[in-house]
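*Asks:* Take this structure, written in structure tokens, and hold onto it; I'll ask about it next.
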Amino acid sequence: MPNEWRDDPLLKGRFHPQYPDDLQVIVHDGGPRLSRVAPELMWVRVVRKTGLGYSGTLLNKPVGLTTVRQGEEILFLTAKSIEHPFRVSQKYVQERDRWEISPCNKCGLGDLWDAPSDLIQRIFPNTPKDAVMKTFTSFCPACGGVQLLNLKEEVLAPASPEATECGRCGRKILGEATRCVYCGWTRDQALQKVVDAGRIQKETFRCGATLWPFLASAFILTGFAAFVAYLGWGGYYEKSREDHLLFGGVIAALLFFGPVLCAVQILRRKLLWVHLDPEKGIETARGGWVPWSRIRSIERYPGLFAYKDSMEQLAGHMPQGVAAYKMGCLLIPVLLFYSVFLPVLAVLSPWHDRVTITLVNGDRIILRDLEDSERFTRMVGYKLK
């Protein structure tokens with residue numbers, strides 16, 4: 001039935017009055033156990049029903065989240081106990097039927113934001129591979145209460161003689177189950193491709209992610225260059241040849257670190273990229289296709305300067321109220337340096353964010369200043385497990 005979500009009693013009253021398919025959804029990078037990034041309430045346009053939940057297109061641009069982007073399709077569930085629907089992963093939906101989740105002792109939410117296998121790995125990192133976690137507790141992602149999880153009896157059936165090990169995490173697959181409880185791996189290769197598609201999609205990531213600071217610095221430094229040119233050749237006092245050379249050198253330096261470097265960064269973003277394909281592997285602008293079988297490992301170095309973290313730390317030390325008003329003349333240059341010039345200097349240094357892909361033969365592919373580098377590393381790392 002088309003637009004059946006409009007008649008869902010759990011969603012009635014939550015849609016925008018002028019856009020009947022748009023509603024607000026709690027979008028996150030993970031629950032409190034897996035992510036320290038705060039969830040965001042974002043507008044989503046529902047496109048289809050998917051199992052117990054719905055799929056929708058993200059209409060907003062995330063502020064701090066790193067696992068989603070504007071225009072991306074997400075999966076979400078809804079519940080009576082909380083005000084807004086919430087994002088879930090395909091992995092959680094696959095594992096949900098294996099667990100009995102007691103409602104939160106505070107808000108009554110009977111669902112999680114994270115897959116139980118991910119919570120087990122985070123809460124009990126030293127669990128042996130052949131161990132089976134039957135019961136554990138977790139914090140409610142909505143209110144911080146306590147939820148109790150029990151593995152269902154049919155999952156705990158005695159292992160058959162044909163029990164095998166998981167092809168990803170190495171734990172035993174019990175009974176006649178075809179899917180690993182912990183990581184979602186399945187023996188059915190055709191089904192595994194469908195499962196992987198929810199985590200790894202065909203996507204192109206471009207270098208030159210730090211673009212707006214370069215554009216801002218180009219605009220600011222060009223203005224400074226024009227001002228220096230006015231002082232050197234348009235002032236009231238006659239300048240000597242040495243003065244003209246000095247002013248010319250300053251103008252050249254300002255133009256080089258402003259519009260010239262900005263143009264180089266734009267070219268890097270246009271010419272340097274890496275394409276991710278869940279079937280073939282990765283393709284780089286210079287080296288062509290690299291199949292998954294040739295990739296040994298991937299590692300991300302976040303750099304000494306993390307733009308978002310530095311801004312948050314700076315904001316935490318900023319004066320408030322009257323003190324901020326009195327120190328406004330000092331805060332503006334500091335904010336300008338942190339938000340514009342420091343990111344540019346970080347990109348030019350050898351300690352900026354980079355991703356290193358190590359091949360089986362020992363060669364390395366280094367991607368510097370890659371957009372969504374954290375998500376790219378996570379997607380490739382999942383494929384290599």
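Ligands are numbered from 1 in the order shown, residues from 1 within each chain, and chains are lettered A, B, ... in the order they appear in the structure tokens.
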Tell me, as a list in words, which residues lie within 12 Å of Ala226 (chain A), counting only C-alpha atoms; anything in the same chain fewer than 3 positions away does not count.

*Replies:*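 Within the cut-off, the hits are Phe219, Ile220, Leu221, Thr222, Gly223, Ala229, Tyr230, Leu231, Gly232, Trp233, Gly234, Phe247, Gly248, Val250, Ile251, Ala252, Leu254 and Leu255 of chain A.
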
*Asks:* Which residues are close to Pro291 (chain A), i.e. within 8 Å by only C-alpha atoms, leaving aside same-chain residues fewer than 2 positions away? Reply as an NGL selection string.

*Replies:* :A and (280-282 or 289 or 293-295)

*Asks:* Would you mind exporting N, CA and C atoms of the selected residues as an mmCIF file, in the first residue's frame?

*Replies:*
data_model
loop_
_atom_site.group_PDB
_atom_site.id
_atom_site.type_symbol
_atom_site.label_atom_id
_atom_site.label_comp_id
_atom_site.auth_asym_id
_atom_site.auth_seq_id
_atom_site.Cartn_x
_atom_site.Cartn_y
_atom_site.Cartn_z
ATOM 1 N N LYS A 280 34.334 -5.234 -5.991
ATOM 2 C CA LYS A 280 35.645 -5.225 -6.637
ATOM 3 C C LYS A 280 36.777 -4.853 -5.692
ATOM 4 N N GLY A 281 36.584 -3.833 -4.879
ATOM 5 C CA GLY A 281 37.661 -3.335 -4.028
ATOM 6 C C GLY A 281 37.653 -1.811 -4.034
ATOM 7 N N ILE A 282 38.829 -1.212 -4.091
ATOM 8 C CA ILE A 282 38.926 0.245 -4.126
ATOM 9 C C ILE A 282 39.668 0.668 -5.397
ATOM 10 N N TRP A 289 42.324 0.022 -10.043
ATOM 11 C CA TRP A 289 41.629 -0.856 -9.099
ATOM 12 C C TRP A 289 42.598 -1.653 -8.238
ATOM 13 N N SER A 293 41.426 -8.677 -2.111
ATOM 14 C CA SER A 293 42.403 -9.710 -1.768
ATOM 15 C C SER A 293 43.824 -9.170 -1.662
ATOM 16 N N ARG A 294 44.089 -8.003 -2.256
ATOM 17 C CA ARG A 294 45.434 -7.422 -2.197
ATOM 18 C C ARG A 294 45.635 -6.490 -1.005
ATOM 19 N N ILE A 295 44.572 -6.194 -0.279
ATOM 20 C CA ILE A 295 44.655 -5.253 0.839
ATOM 21 C C ILE A 295 44.874 -6.020 2.137
#

*Asks:* Here is a test: counting only C-alpha atoms, which residue of A:Tyr382, A:Phe341, A:Trp99, A:Tyr19 is nearest to Trp292 (chain A)?

*Replies:* A:Tyr382

*Asks:* Excluding Leu58 (chain A) and its own-chain neighbours fewer than 3 positions away, which residues fall within 7 Å of it when counting only C-alpha atoms? Please give them as a list of chain:residue names.

*Replies:*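 Final neighbour list, sorted by chain and number: A:Trp43, A:Val44, A:Arg45, A:Gln70, A:Gly71, A:Glu72, A:Glu73.
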
*Asks:* Give me, please, the distance in Å between CA of Ile366 (chain A) and CA of Phe337 (chain A), quoted to one decimal.

*Replies:*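 That distance, rounded to one decimal, is 28.0 Å.
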
*Asks:* Write down as a list in words the residues belonging to region 53-91 of chain A that are assigned strand (DSSP E or B) by DSSP computed on the backbone.

*Replies:* Gly53, Tyr54, Ser55, Gly56, Thr57, Leu58, Glu73, Ile74, Leu75, Phe76, Leu77, Phe86, Arg87 and Val88 of chain A
